[in-house]
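Reproduced below: final-v5.cif, with mmCIF, C-alpha atoms, pLDDT in the B column; chains and numbers go by the auth columns.
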```cif
data_entry
loop_
_atom_site.group_PDB
_atom_site.id
_atom_site.type_symbol
_atom_site.label_atom_id
_atom_site.label_comp_id
_atom_site.label_asym_id
_atom_site.label_seq_id
_atom_site.Cartn_x
_atom_site.Cartn_y
_atom_site.Cartn_z
_atom_site.B_iso_or_equiv
_atom_site.auth_seq_id
_atom_site.auth_asym_id
ATOM 1 C CA MET A 1 0.385 234.775 -89.643 47.00 1 C
ATOM 2 C CA GLY A 2 3.987 235.698 -88.891 50.00 2 C
ATOM 3 C CA THR A 3 5.249 234.330 -92.225 57.00 3 C
ATOM 4 C CA GLN A 4 6.747 236.966 -94.473 60.00 4 C
ATOM 5 C CA TYR A 5 6.717 236.428 -98.186 51.00 5 C
ATOM 6 C CA LYS A 6 9.223 237.950 -100.490 59.00 6 C
ATOM 7 C CA SER A 7 7.521 239.771 -103.336 57.00 7 C
ATOM 8 C CA TYR A 8 8.078 238.273 -106.767 64.00 8 C
ATOM 9 C CA HIS A 9 10.403 240.677 -108.552 67.00 9 C
ATOM 10 C CA HIS A 10 9.692 240.260 -112.283 81.00 10 C
ATOM 11 C CA PHE A 11 13.430 240.807 -112.809 80.00 11 C
ATOM 12 C CA LYS A 12 13.176 244.402 -111.579 79.00 12 C
ATOM 13 C CA GLY A 13 15.324 246.074 -108.953 75.00 13 C
ATOM 14 C CA ASP A 14 18.608 245.133 -107.359 78.00 14 C
ATOM 15 C CA ASN A 15 17.494 242.277 -105.115 84.00 15 C
ATOM 16 C CA LEU A 16 18.060 239.598 -107.706 90.00 16 C
ATOM 17 C CA THR A 17 20.146 236.502 -107.132 93.00 17 C
ATOM 18 C CA PRO A 18 23.347 236.220 -109.171 95.00 18 C
ATOM 19 C CA SER A 19 21.710 233.703 -111.538 95.00 19 C
ATOM 20 C CA GLU A 20 18.713 236.017 -112.021 94.00 20 C
ATOM 21 C CA LYS A 21 21.141 238.839 -112.833 95.00 21 C
ATOM 22 C CA VAL A 22 22.697 236.591 -115.483 97.00 22 C
ATOM 23 C CA GLU A 23 19.285 235.960 -117.042 96.00 23 C
ATOM 24 C CA ARG A 24 18.509 239.669 -117.072 95.00 24 C
ATOM 25 C CA LYS A 25 21.943 240.433 -118.571 96.00 25 C
ATOM 26 C CA ILE A 26 21.301 238.047 -121.482 97.00 26 C
ATOM 27 C CA VAL A 27 17.986 239.723 -122.285 96.00 27 C
ATOM 28 C CA GLU A 28 19.553 243.184 -122.031 96.00 28 C
ATOM 29 C CA LEU A 29 22.423 242.190 -124.339 97.00 29 C
ATOM 30 C CA LEU A 30 19.985 240.963 -126.958 96.00 30 C
ATOM 31 C CA LEU A 31 17.607 243.919 -126.682 95.00 31 C
ATOM 32 C CA ASN A 32 20.522 246.335 -126.986 96.00 32 C
ATOM 33 C CA SER A 33 22.473 244.451 -129.668 96.00 33 C
ATOM 34 C CA LYS A 34 23.839 246.524 -132.525 96.00 34 C
ATOM 35 C CA ILE A 35 24.049 243.443 -134.761 97.00 35 C
ATOM 36 C CA PRO A 36 20.872 243.282 -136.870 95.00 36 C
ATOM 37 C CA ASP A 37 19.195 239.986 -137.735 96.00 37 C
ATOM 38 C CA ARG A 38 20.457 240.146 -141.333 96.00 38 C
ATOM 39 C CA LYS A 39 24.017 239.850 -139.975 97.00 39 C
ATOM 40 C CA ARG A 40 23.199 237.103 -137.448 96.00 40 C
ATOM 41 C CA GLU A 41 22.980 233.366 -138.025 95.00 41 C
ATOM 42 C CA SER A 42 19.890 233.301 -135.767 94.00 42 C
ATOM 43 C CA SER A 43 17.431 236.082 -135.104 95.00 43 C
ATOM 44 C CA ILE A 44 17.437 238.073 -131.899 96.00 44 C
ATOM 45 C CA VAL A 45 13.937 236.737 -131.230 96.00 45 C
ATOM 46 C CA PHE A 46 15.199 233.151 -131.552 95.00 46 C
ATOM 47 C CA GLU A 47 18.120 233.831 -129.212 96.00 47 C
ATOM 48 C CA LEU A 48 15.765 235.375 -126.628 96.00 48 C
ATOM 49 C CA LYS A 49 13.370 232.460 -126.852 96.00 49 C
ATOM 50 C CA HIS A 50 16.085 229.799 -126.937 96.00 50 C
ATOM 51 C CA SER A 51 17.894 231.208 -123.912 96.00 51 C
ATOM 52 C CA SER A 52 14.643 231.376 -121.922 96.00 52 C
ATOM 53 C CA GLU A 53 13.543 227.912 -123.019 97.00 53 C
ATOM 54 C CA CYS A 54 16.876 226.373 -122.106 98.00 54 C
ATOM 55 C CA VAL A 55 16.746 228.015 -118.676 98.00 55 C
ATOM 56 C CA GLN A 56 13.303 226.546 -118.020 97.00 56 C
ATOM 57 C CA VAL A 57 14.266 223.087 -119.287 98.00 57 C
ATOM 58 C CA ALA A 58 17.510 223.203 -117.281 98.00 58 C
ATOM 59 C CA ARG A 59 15.557 224.045 -114.114 98.00 59 C
ATOM 60 C CA ILE A 60 13.397 220.978 -114.605 98.00 60 C
ATOM 61 C CA ILE A 61 16.281 218.646 -115.453 98.00 61 C
ATOM 62 C CA ALA A 62 18.330 219.993 -112.525 98.00 62 C
ATOM 63 C CA GLN A 63 15.482 219.130 -110.174 97.00 63 C
ATOM 64 C CA LYS A 64 15.193 215.618 -111.638 97.00 64 C
ATOM 65 C CA ARG A 65 18.956 215.116 -111.267 98.00 65 C
ATOM 66 C CA ASN A 66 19.315 216.828 -107.875 98.00 66 C
ATOM 67 C CA LEU A 67 21.660 219.481 -109.242 98.00 67 C
ATOM 68 C CA ASP A 68 22.001 223.107 -108.166 98.00 68 C
ATOM 69 C CA ILE A 69 19.198 225.000 -109.918 97.00 69 C
ATOM 70 C CA SER A 70 20.996 228.355 -109.782 97.00 70 C
ATOM 71 C CA LEU A 71 24.028 226.898 -111.545 98.00 71 C
ATOM 72 C CA ALA A 72 21.750 225.222 -114.101 98.00 72 C
ATOM 73 C CA GLU A 73 20.008 228.562 -114.774 97.00 73 C
ATOM 74 C CA SER A 74 23.304 230.382 -115.284 98.00 74 C
ATOM 75 C CA ILE A 75 24.709 227.701 -117.567 98.00 75 C
ATOM 76 C CA ALA A 76 21.572 227.611 -119.681 98.00 76 C
ATOM 77 C CA ALA A 77 21.308 231.397 -119.943 98.00 77 C
ATOM 78 C CA LEU A 78 24.975 231.714 -120.940 98.00 78 C
ATOM 79 C CA HIS A 79 25.456 228.634 -123.129 98.00 79 C
ATOM 80 C CA ASP A 80 25.102 230.608 -126.400 97.00 80 C
ATOM 81 C CA ILE A 81 26.607 233.866 -125.115 98.00 81 C
ATOM 82 C CA TYR A 82 29.085 234.069 -127.987 97.00 82 C
ATOM 83 C CA VAL A 83 26.220 233.870 -130.496 97.00 83 C
ATOM 84 C CA ILE A 84 24.289 236.481 -128.521 97.00 84 C
ATOM 85 C CA VAL A 85 27.237 238.897 -128.520 97.00 85 C
ATOM 86 C CA ASN A 86 28.720 238.161 -131.974 96.00 86 C
ATOM 87 C CA GLY A 87 25.883 236.678 -134.034 96.00 87 C
ATOM 88 C CA THR A 88 27.777 233.581 -135.189 96.00 88 C
ATOM 89 C CA TYR A 89 28.028 229.948 -134.089 94.00 89 C
ATOM 90 C CA LYS A 90 31.594 229.318 -135.271 94.00 90 C
ATOM 91 C CA GLU A 91 33.544 228.073 -132.221 95.00 91 C
ATOM 92 C CA HIS A 92 30.798 229.600 -130.062 97.00 92 C
ATOM 93 C CA ALA A 93 31.094 227.155 -127.172 96.00 93 C
ATOM 94 C CA LYS A 94 34.816 227.565 -126.500 97.00 94 C
ATOM 95 C CA LEU A 95 34.788 231.307 -127.207 97.00 95 C
ATOM 96 C CA GLY A 96 31.661 231.724 -125.116 97.00 96 C
ATOM 97 C CA ALA A 97 33.426 230.355 -122.038 98.00 97 C
ATOM 98 C CA LEU A 98 35.677 233.419 -121.947 97.00 98 C
ATOM 99 C CA ILE A 99 32.712 235.808 -122.150 98.00 99 C
ATOM 100 C CA THR A 100 30.928 233.739 -119.494 98.00 100 C
ATOM 101 C CA LYS A 101 33.750 234.219 -116.988 98.00 101 C
ATOM 102 C CA LYS A 102 33.832 237.962 -117.660 98.00 102 C
ATOM 103 C CA ILE A 103 30.069 238.358 -117.179 98.00 103 C
ATOM 104 C CA MET A 104 29.983 236.287 -113.998 98.00 104 C
ATOM 105 C CA ILE A 105 32.840 238.266 -112.455 98.00 105 C
ATOM 106 C CA GLU A 106 31.188 241.548 -113.494 97.00 106 C
ATOM 107 C CA ILE A 107 27.842 240.502 -111.979 96.00 107 C
ATOM 108 C CA GLY A 108 29.461 239.246 -108.788 96.00 108 C
ATOM 109 C CA GLY A 109 28.140 236.865 -106.189 96.00 109 C
ATOM 110 C CA PHE A 110 29.656 233.755 -107.772 97.00 110 C
ATOM 111 C CA SER A 111 32.507 231.772 -106.226 98.00 111 C
ATOM 112 C CA ASP A 112 35.553 230.815 -108.298 98.00 112 C
ATOM 113 C CA LYS A 113 34.279 227.226 -108.257 98.00 113 C
ATOM 114 C CA GLU A 114 30.856 228.276 -109.599 98.00 114 C
ATOM 115 C CA ILE A 115 32.460 230.367 -112.349 98.00 115 C
ATOM 116 C CA SER A 116 34.587 227.366 -113.292 98.00 116 C
ATOM 117 C CA ILE A 117 31.586 224.991 -113.367 98.00 117 C
ATOM 118 C CA VAL A 118 29.502 227.344 -115.512 98.00 118 C
ATOM 119 C CA SER A 119 32.256 228.352 -117.952 98.00 119 C
ATOM 120 C CA ASN A 120 33.346 224.718 -118.347 98.00 120 C
ATOM 121 C CA ALA A 121 29.787 223.655 -119.176 98.00 121 C
ATOM 122 C CA VAL A 122 29.467 226.503 -121.699 98.00 122 C
ATOM 123 C CA ALA A 123 32.816 225.538 -123.274 98.00 123 C
ATOM 124 C CA HIS A 124 31.717 221.925 -123.836 98.00 124 C
ATOM 125 C CA HIS A 125 27.983 222.193 -124.537 97.00 125 C
ATOM 126 C CA SER A 126 28.384 221.740 -128.310 95.00 126 C
ATOM 127 C CA GLU A 127 30.071 218.343 -127.947 96.00 127 C
ATOM 128 C CA LYS A 128 26.759 216.453 -128.068 95.00 128 C
ATOM 129 C CA ASP A 129 28.469 213.237 -129.187 94.00 129 C
ATOM 130 C CA VAL A 130 30.817 213.220 -126.195 95.00 130 C
ATOM 131 C CA TYR A 131 29.469 211.854 -122.903 96.00 131 C
ATOM 132 C CA THR A 132 31.181 212.967 -119.710 97.00 132 C
ATOM 133 C CA ASP A 133 30.805 212.327 -116.006 97.00 133 C
ATOM 134 C CA ASN A 134 30.297 216.064 -115.420 98.00 134 C
ATOM 135 C CA PRO A 135 26.600 216.481 -114.578 98.00 135 C
ATOM 136 C CA TYR A 136 26.466 220.169 -115.514 98.00 136 C
ATOM 137 C CA ILE A 137 28.020 219.643 -118.951 98.00 137 C
ATOM 138 C CA GLU A 138 25.548 216.840 -119.600 98.00 138 C
ATOM 139 C CA LEU A 139 22.668 218.947 -118.280 98.00 139 C
ATOM 140 C CA ILE A 140 23.236 221.784 -120.775 98.00 140 C
ATOM 141 C CA LYS A 141 23.789 219.427 -123.694 98.00 141 C
ATOM 142 C CA ASP A 142 20.504 217.723 -122.861 98.00 142 C
ATOM 143 C CA ALA A 143 18.577 220.951 -122.177 98.00 143 C
ATOM 144 C CA ASP A 144 19.835 222.483 -125.430 97.00 144 C
ATOM 145 C CA VAL A 145 18.843 219.598 -127.716 96.00 145 C
ATOM 146 C CA PHE A 146 15.569 218.944 -125.903 97.00 146 C
ATOM 147 C CA ALA A 147 14.505 222.601 -126.171 97.00 147 C
ATOM 148 C CA CYS A 148 15.345 222.606 -129.888 95.00 148 C
ATOM 149 C CA SER A 149 13.507 219.316 -130.466 95.00 149 C
ATOM 150 C CA LEU A 150 10.250 221.058 -129.575 95.00 150 C
ATOM 151 C CA TYR A 151 10.446 223.357 -132.611 93.00 151 C
ATOM 152 C CA LYS A 152 8.764 222.313 -135.841 91.00 152 C
ATOM 153 C CA ASN A 153 11.298 221.384 -138.531 90.00 153 C
ATOM 154 C CA ALA A 154 14.232 221.125 -136.104 91.00 154 C
ATOM 155 C CA GLU A 155 14.741 217.546 -137.267 92.00 155 C
ATOM 156 C CA ASP A 156 15.150 218.691 -140.876 92.00 156 C
ATOM 157 C CA GLU A 157 17.605 221.402 -139.854 89.00 157 C
ATOM 158 C CA TYR A 158 19.754 218.975 -137.875 91.00 158 C
ATOM 159 C CA ARG A 159 19.671 216.354 -140.631 92.00 159 C
ATOM 160 C CA LEU A 160 20.990 218.984 -143.046 92.00 160 C
ATOM 161 C CA SER A 161 23.551 220.605 -140.778 90.00 161 C
ATOM 162 C CA LYS A 162 24.934 217.615 -138.839 92.00 162 C
ATOM 163 C CA SER A 163 26.578 214.378 -139.879 93.00 163 C
ATOM 164 C CA GLU A 164 24.381 211.276 -139.645 94.00 164 C
ATOM 165 C CA LEU A 165 26.340 210.106 -136.602 93.00 165 C
ATOM 166 C CA LEU A 166 25.973 213.454 -134.831 94.00 166 C
ATOM 167 C CA PHE A 167 22.280 213.647 -135.736 93.00 167 C
ATOM 168 C CA GLN A 168 21.819 210.236 -134.084 95.00 168 C
ATOM 169 C CA GLU A 169 23.536 211.491 -130.923 94.00 169 C
ATOM 170 C CA TYR A 170 21.196 214.506 -130.832 95.00 170 C
ATOM 171 C CA SER A 171 18.251 212.117 -131.208 95.00 171 C
ATOM 172 C CA ASN A 172 19.615 209.832 -128.486 96.00 172 C
ATOM 173 C CA ARG A 173 19.903 212.750 -126.087 97.00 173 C
ATOM 174 C CA VAL A 174 16.346 213.874 -126.801 97.00 174 C
ATOM 175 C CA LYS A 175 15.043 210.321 -126.258 97.00 175 C
ATOM 176 C CA LYS A 176 16.926 210.086 -122.956 97.00 176 C
ATOM 177 C CA VAL A 177 15.513 213.388 -121.669 97.00 177 C
ATOM 178 C CA ARG A 178 11.978 212.547 -122.815 97.00 178 C
ATOM 179 C CA LYS A 179 12.163 209.238 -120.948 97.00 179 C
ATOM 180 C CA GLU A 180 13.622 210.967 -117.866 96.00 180 C
ATOM 181 C CA LEU A 181 10.726 213.456 -117.895 96.00 181 C
ATOM 182 C CA GLY A 182 8.108 210.743 -118.348 96.00 182 C
ATOM 183 C CA LEU A 183 7.372 211.689 -121.974 96.00 183 C
ATOM 184 C CA ASN A 184 7.084 209.304 -124.899 94.00 184 C
ATOM 185 C CA PRO A 185 10.728 208.727 -125.913 92.00 185 C
ATOM 186 C CA ASN A 186 9.668 207.678 -129.417 91.00 186 C
ATOM 187 C CA GLN A 187 8.336 211.135 -130.284 92.00 187 C
ATOM 188 C CA VAL A 188 11.821 212.556 -130.638 94.00 188 C
ATOM 189 C CA TRP A 189 11.242 215.475 -132.968 94.00 189 C
ATOM 190 C CA ARG A 190 8.154 217.638 -133.217 90.00 190 C
ATOM 191 C CA LYS A 191 6.382 217.047 -136.511 84.00 191 C
#
```

Would it be possible to restate this file's structure as C-alpha coordinates?
Amino acid sequence: MGTQYKSYHHFKGDNLTPSEKVERKIVELLLNSKIPDRKRESSIVFELKHSSECVQVARIIAQKRNLDISLAESIAALHDIYVIVNGTYKEHAKLGALITKKIMIEIGGFSDKEISIVSNAVAHHSEKDVYTDNPYIELIKDADVFACSLYKNAEDEYRLSKSELLFQEYSNRVKKVRKELGLNPNQVWRK
(Lines of atoms letter the chains of each structure in order from A and count residues from 1; the text may use other names and numbers.)
(Lines give C-alpha, C1' and ligand atoms only; values in the text may rest on other atoms or scores of the structure.)
Protein backbone atom coordinates (compact mmCIF):
# COMPACT_ATOMS: atom_id res chain seq x y z
CA MET A 1 0.00 0.00 0.00
CA GLY A 2 2.48 2.68 1.03
CA THR A 3 0.16 5.52 -0.01
CA GLN A 4 -0.93 7.72 2.86
CA TYR A 5 -4.18 9.56 2.61
CA LYS A 6 -4.87 12.75 4.43
CA SER A 7 -8.10 12.53 6.38
CA TYR A 8 -10.86 14.82 5.19
CA HIS A 9 -11.15 17.52 7.83
CA HIS A 10 -14.76 18.78 7.68
CA PHE A 11 -13.33 22.23 8.44
CA LYS A 12 -12.23 21.12 11.91
CA GLY A 13 -8.81 21.55 13.47
CA ASP A 14 -5.84 23.69 12.57
CA ASN A 15 -4.58 21.85 9.49
CA LEU A 16 -6.66 23.83 7.05
CA THR A 17 -5.26 25.60 4.03
CA PRO A 18 -5.45 29.40 4.06
CA SER A 19 -8.43 29.35 1.66
CA GLU A 20 -10.23 26.81 3.86
CA LYS A 21 -9.61 29.08 6.85
CA VAL A 22 -11.23 31.92 4.89
CA GLU A 23 -14.31 29.78 4.22
CA ARG A 24 -14.55 28.83 7.88
CA LYS A 25 -14.11 32.48 8.92
CA ILE A 26 -17.06 33.55 6.74
CA VAL A 27 -19.33 30.94 8.32
CA GLU A 28 -18.17 31.89 11.82
CA LEU A 29 -18.79 35.60 11.15
CA LEU A 30 -22.33 34.87 10.01
CA LEU A 31 -23.14 32.44 12.82
CA ASN A 32 -21.85 34.92 15.39
CA SER A 33 -23.29 38.08 13.82
CA LYS A 34 -24.99 40.51 16.17
CA ILE A 35 -26.96 42.04 13.29
CA PRO A 36 -30.38 40.34 13.14
CA ASP A 37 -32.11 39.57 9.85
CA ARG A 38 -34.59 42.43 10.35
CA LYS A 39 -31.66 44.87 10.12
CA ARG A 40 -30.00 43.13 7.14
CA GLU A 41 -30.77 43.53 3.46
CA SER A 42 -30.35 39.74 3.07
CA SER A 43 -30.88 37.06 5.67
CA ILE A 44 -28.01 35.33 7.40
CA VAL A 45 -29.22 32.07 5.85
CA PHE A 46 -29.04 33.61 2.37
CA GLU A 47 -25.53 34.94 3.00
CA LEU A 48 -24.39 31.50 4.22
CA LYS A 49 -25.90 29.77 1.22
CA HIS A 50 -24.75 32.37 -1.29
CA SER A 51 -21.16 32.34 -0.04
CA SER A 52 -21.05 28.53 -0.18
CA GLU A 53 -22.70 28.39 -3.60
CA CYS A 54 -20.32 30.95 -5.04
CA VAL A 55 -17.34 29.02 -3.68
CA GLN A 56 -18.54 25.83 -5.36
CA VAL A 57 -19.32 27.57 -8.66
CA ALA A 58 -15.96 29.38 -8.55
CA ARG A 59 -14.15 26.06 -8.05
CA ILE A 60 -15.79 24.67 -11.17
CA ILE A 61 -15.19 27.78 -13.29
CA ALA A 62 -11.58 28.00 -12.08
CA GLN A 63 -10.99 24.45 -13.26
CA LYS A 64 -12.56 25.20 -16.65
CA ARG A 65 -10.39 28.32 -17.00
CA ASN A 66 -7.20 26.82 -15.55
CA LEU A 67 -7.10 29.31 -12.69
CA ASP A 68 -5.84 28.79 -9.14
CA ILE A 69 -8.66 27.07 -7.26
CA SER A 70 -7.50 28.29 -3.84
CA LEU A 71 -7.59 31.91 -5.01
CA ALA A 72 -11.01 31.33 -6.59
CA GLU A 73 -12.31 29.88 -3.29
CA SER A 74 -11.03 32.84 -1.28
CA ILE A 75 -12.43 35.40 -3.70
CA ALA A 76 -15.83 33.73 -3.78
CA ALA A 77 -16.02 33.33 0.00
CA LEU A 78 -15.05 36.97 0.57
CA HIS A 79 -16.84 38.71 -2.31
CA ASP A 80 -19.76 39.86 -0.10
CA ILE A 81 -17.76 40.27 3.11
CA TYR A 82 -19.01 43.81 3.66
CA VAL A 83 -22.61 42.58 3.52
CA ILE A 84 -21.74 39.73 5.88
CA VAL A 85 -20.17 42.09 8.42
CA ASN A 86 -22.46 45.14 8.03
CA GLY A 87 -25.72 43.81 6.58
CA THR A 88 -25.92 46.27 3.68
CA TYR A 89 -25.00 46.23 -0.02
CA LYS A 90 -24.29 49.96 -0.38
CA GLU A 91 -20.73 50.24 -1.77
CA HIS A 92 -20.15 46.68 -0.55
CA ALA A 93 -17.61 45.71 -3.19
CA LYS A 94 -15.16 48.57 -2.66
CA LEU A 95 -15.62 48.59 1.12
CA GLY A 96 -15.34 44.82 1.22
CA ALA A 97 -11.86 44.94 -0.30
CA LEU A 98 -10.53 46.60 2.85
CA ILE A 99 -12.07 43.94 5.11
CA THR A 100 -10.75 41.25 2.75
CA LYS A 101 -7.15 42.43 3.17
CA LYS A 102 -7.52 42.53 6.95
CA ILE A 103 -8.96 39.00 7.13
CA MET A 104 -6.34 37.52 4.81
CA ILE A 105 -3.49 39.08 6.80
CA GLU A 106 -5.07 37.90 10.07
CA ILE A 107 -5.46 34.34 8.75
CA GLY A 108 -1.95 34.27 7.33
CA GLY A 109 -0.46 32.03 4.69
CA PHE A 110 -1.22 34.38 1.79
CA SER A 111 1.45 36.24 -0.17
CA ASP A 112 1.13 39.98 -0.82
CA LYS A 113 0.37 39.14 -4.45
CA GLU A 114 -2.45 36.76 -3.47
CA ILE A 115 -3.94 39.33 -1.09
CA SER A 116 -3.84 41.88 -3.91
CA ILE A 117 -5.50 39.51 -6.41
CA VAL A 118 -8.29 38.57 -4.00
CA SER A 119 -8.99 42.08 -2.67
CA ASN A 120 -8.95 43.51 -6.21
CA ALA A 121 -11.49 40.92 -7.37
CA VAL A 122 -13.71 41.65 -4.35
CA ALA A 123 -13.45 45.41 -5.03
CA HIS A 124 -14.64 45.02 -8.63
CA HIS A 125 -17.09 42.11 -8.49
CA SER A 126 -20.18 44.35 -8.63
CA GLU A 127 -19.18 45.91 -11.96
CA LYS A 128 -21.02 43.25 -13.99
CA ASP A 129 -21.28 45.54 -17.02
CA VAL A 130 -17.52 46.10 -17.16
CA TYR A 131 -15.40 43.42 -18.84
CA THR A 132 -11.73 43.24 -17.90
CA ASP A 133 -8.74 41.14 -18.85
CA ASN A 134 -8.32 40.11 -15.20
CA PRO A 135 -9.40 36.46 -15.02
CA TYR A 136 -10.12 36.51 -11.28
CA ILE A 137 -12.35 39.59 -11.46
CA GLU A 138 -14.26 38.00 -14.32
CA LEU A 139 -14.46 34.68 -12.46
CA ILE A 140 -16.21 36.18 -9.42
CA LYS A 141 -18.57 38.28 -11.51
CA ASP A 142 -19.56 35.16 -13.43
CA ALA A 143 -19.78 32.90 -10.36
CA ASP A 144 -21.90 35.47 -8.52
CA VAL A 145 -24.51 35.96 -11.26
CA PHE A 146 -24.59 32.28 -12.21
CA ALA A 147 -25.19 31.20 -8.59
CA CYS A 148 -27.99 33.76 -8.26
CA SER A 149 -29.55 32.72 -11.58
CA LEU A 150 -30.32 29.32 -10.06
CA TYR A 151 -32.75 30.80 -7.53
CA LYS A 152 -36.43 31.01 -8.39
CA ASN A 153 -37.55 34.61 -8.99
CA ALA A 154 -34.00 35.98 -9.30
CA GLU A 155 -34.91 37.28 -12.75
CA ASP A 156 -37.79 39.32 -11.30
CA GLU A 157 -35.56 40.73 -8.57
CA TYR A 158 -32.88 41.81 -11.04
CA ARG A 159 -35.43 43.30 -13.44
CA LEU A 160 -36.75 45.42 -10.57
CA SER A 161 -33.44 46.40 -9.01
CA LYS A 162 -31.21 46.88 -12.07
CA SER A 163 -31.44 49.07 -15.14
CA GLU A 164 -32.46 47.30 -18.35
CA LEU A 165 -28.91 47.60 -19.66
CA LEU A 166 -27.40 46.14 -16.48
CA PHE A 167 -30.01 43.37 -16.39
CA GLN A 168 -28.96 42.43 -19.94
CA GLU A 169 -25.31 42.26 -18.86
CA TYR A 170 -26.26 39.94 -15.97
CA SER A 171 -28.16 37.77 -18.46
CA ASN A 172 -25.22 37.79 -20.88
CA ARG A 173 -22.87 36.63 -18.15
CA VAL A 174 -25.21 33.81 -17.15
CA LYS A 175 -25.54 32.69 -20.79
CA LYS A 176 -21.76 32.72 -21.19
CA VAL A 177 -21.19 30.59 -18.07
CA ARG A 178 -23.98 28.16 -18.99
CA LYS A 179 -22.42 27.67 -22.42
CA GLU A 180 -18.95 27.28 -20.87
CA LEU A 181 -20.30 24.58 -18.53
CA GLY A 182 -22.11 22.75 -21.32
CA LEU A 183 -25.58 23.83 -20.13
CA ASN A 184 -28.36 25.21 -22.29
CA PRO A 185 -27.46 28.91 -22.61
CA ASN A 186 -31.07 29.80 -23.43
CA GLN A 187 -32.33 28.80 -19.98
CA VAL A 188 -30.84 31.88 -18.37
CA TRP A 189 -33.02 32.29 -15.31
CA ARG A 190 -34.67 29.57 -13.28
CA LYS A 191 -38.43 29.70 -13.70

Please expand the PyMOL selection byres ((chain C and resi 85-97) around 8) into the concrete residues it hits in this file, giving the result as a PDB file with C-alpha atoms, keeping the file's coordinate frame.
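Output file result.pdb follows:
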```pdb
ATOM      1  CA  LEU C  29      22.423 242.190-124.339  1.00 97.00           C
ATOM      2  CA  LEU C  30      19.985 240.963-126.958  1.00 96.00           C
ATOM      3  CA  SER C  33      22.473 244.451-129.668  1.00 96.00           C
ATOM      4  CA  ILE C  35      24.049 243.443-134.761  1.00 97.00           C
ATOM      5  CA  LYS C  39      24.017 239.850-139.975  1.00 97.00           C
ATOM      6  CA  ARG C  40      23.199 237.103-137.448  1.00 96.00           C
ATOM      7  CA  GLU C  41      22.980 233.366-138.025  1.00 95.00           C
ATOM      8  CA  SER C  42      19.890 233.301-135.767  1.00 94.00           C
ATOM      9  CA  LEU C  78      24.975 231.714-120.940  1.00 98.00           C
ATOM     10  CA  HIS C  79      25.456 228.634-123.129  1.00 98.00           C
ATOM     11  CA  ASP C  80      25.102 230.608-126.400  1.00 97.00           C
ATOM     12  CA  ILE C  81      26.607 233.866-125.115  1.00 98.00           C
ATOM     13  CA  TYR C  82      29.085 234.069-127.987  1.00 97.00           C
ATOM     14  CA  VAL C  83      26.220 233.870-130.496  1.00 97.00           C
ATOM     15  CA  ILE C  84      24.289 236.481-128.521  1.00 97.00           C
ATOM     16  CA  LEU C  98      35.677 233.419-121.947  1.00 97.00           C
ATOM     17  CA  ILE C  99      32.712 235.808-122.150  1.00 98.00           C
ATOM     18  CA  THR C 100      30.928 233.739-119.494  1.00 98.00           C
ATOM     19  CA  LYS C 101      33.750 234.219-116.988  1.00 98.00           C
ATOM     20  CA  SER C 119      32.256 228.352-117.952  1.00 98.00           C
ATOM     21  CA  ASN C 120      33.346 224.718-118.347  1.00 98.00           C
ATOM     22  CA  VAL C 122      29.467 226.503-121.699  1.00 98.00           C
ATOM     23  CA  ALA C 123      32.816 225.538-123.274  1.00 98.00           C
ATOM     24  CA  HIS C 124      31.717 221.925-123.836  1.00 98.00           C
ATOM     25  CA  HIS C 125      27.983 222.193-124.537  1.00 97.00           C
ATOM     26  CA  SER C 126      28.384 221.740-128.310  1.00 95.00           C
TER      27      SER C 126
END
```

Check: When distances are computed from all atoms listed in the file, which of C:Pro135, C:Ser161, C:Tyr170, C:Leu71 shows the smallest separation from Ser111 of chain C?
Finding: C:Leu71

Checklist line | 8 Å contact set for Ser74 of chain C, only C-alpha atoms, chain neighbours under 6 positions out, as a ChimeraX atom specification | finding: /C:19-20,22-23,55,118

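Compared by their closest atoms to Glu155 of chain C, and using only C-alpha atoms, the residues C:Ile105, C:Cys54, C:Val45, C:Val188 rank with C:Val188 nearest.
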
Check: Using all atoms listed in the file, which of the listed residues (C:Ile140, C:Leu48, C:Ile26, C:Ile107) sits closest to Ala72 of chain C?
Finding: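 The answer is C:Ile140, which sits nearest to Ala72 of chain C.
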
Return as a tab-separated table the residues of segment 100-178 of chain C lying at most 12 Å from segment 57-63 of chain C, together with the closest atom-to-atom pair for each and the distance in Å to one decimal, counting all atoms listed in the file, with rows in chain order and ascending residue number.
```
residue	atom	partner	partner_atom	distance
C:Pro135	CA	C:Ala62	CA	9.2
C:Tyr136	CA	C:Ala62	CA	8.7
C:Ile137	CA	C:Ala58	CA	11.2
C:Glu138	CA	C:Ile61	CA	10.3
C:Leu139	CA	C:Ala58	CA	6.8
C:Ile140	CA	C:Ala58	CA	6.9
C:Lys141	CA	C:Ala58	CA	9.7
C:Asp142	CA	C:Ala58	CA	8.4
C:Ala143	CA	C:Ala58	CA	5.5
C:Asp144	CA	C:Val57	CA	8.3
C:Val145	CA	C:Val57	CA	10.2
C:Phe146	CA	C:Val57	CA	7.9
C:Ala147	CA	C:Val57	CA	6.9
C:Cys148	CA	C:Val57	CA	10.7
C:Ser149	CA	C:Val57	CA	11.8
C:Leu150	CA	C:Val57	CA	11.2
C:Lys176	CA	C:Ile61	CA	11.4
C:Val177	CA	C:Ile61	CA	8.2
C:Arg178	CA	C:Ile61	CA	10.5
```

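Separating atom CA of Ala121 of chain C from atom CA of Ile103 of chain C is a distance of 14.8 Å.
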
Notebook entry, point to check: Hey, what's within 10 Å of Tyr158 of chain C if we count all atoms listed in the file and toss same-chain stuff fewer than 4 positions away? As a list in words, please?
Noted result: Cys148, Ser149, Asn153, Ala154, Lys162, Ser163, Glu164, Leu166, Phe167, Gln168, Tyr170 and Ser171 of chain C

Checklist line | atom CA of Glu114 of chain C to atom CA of Val27 of chain C, straight-line distance in Å | finding: 21.4 Å

Item checked: d(atom CA of Asp112 of chain C, atom CA of Asp68 of chain C) in Å -> 15.6 Å
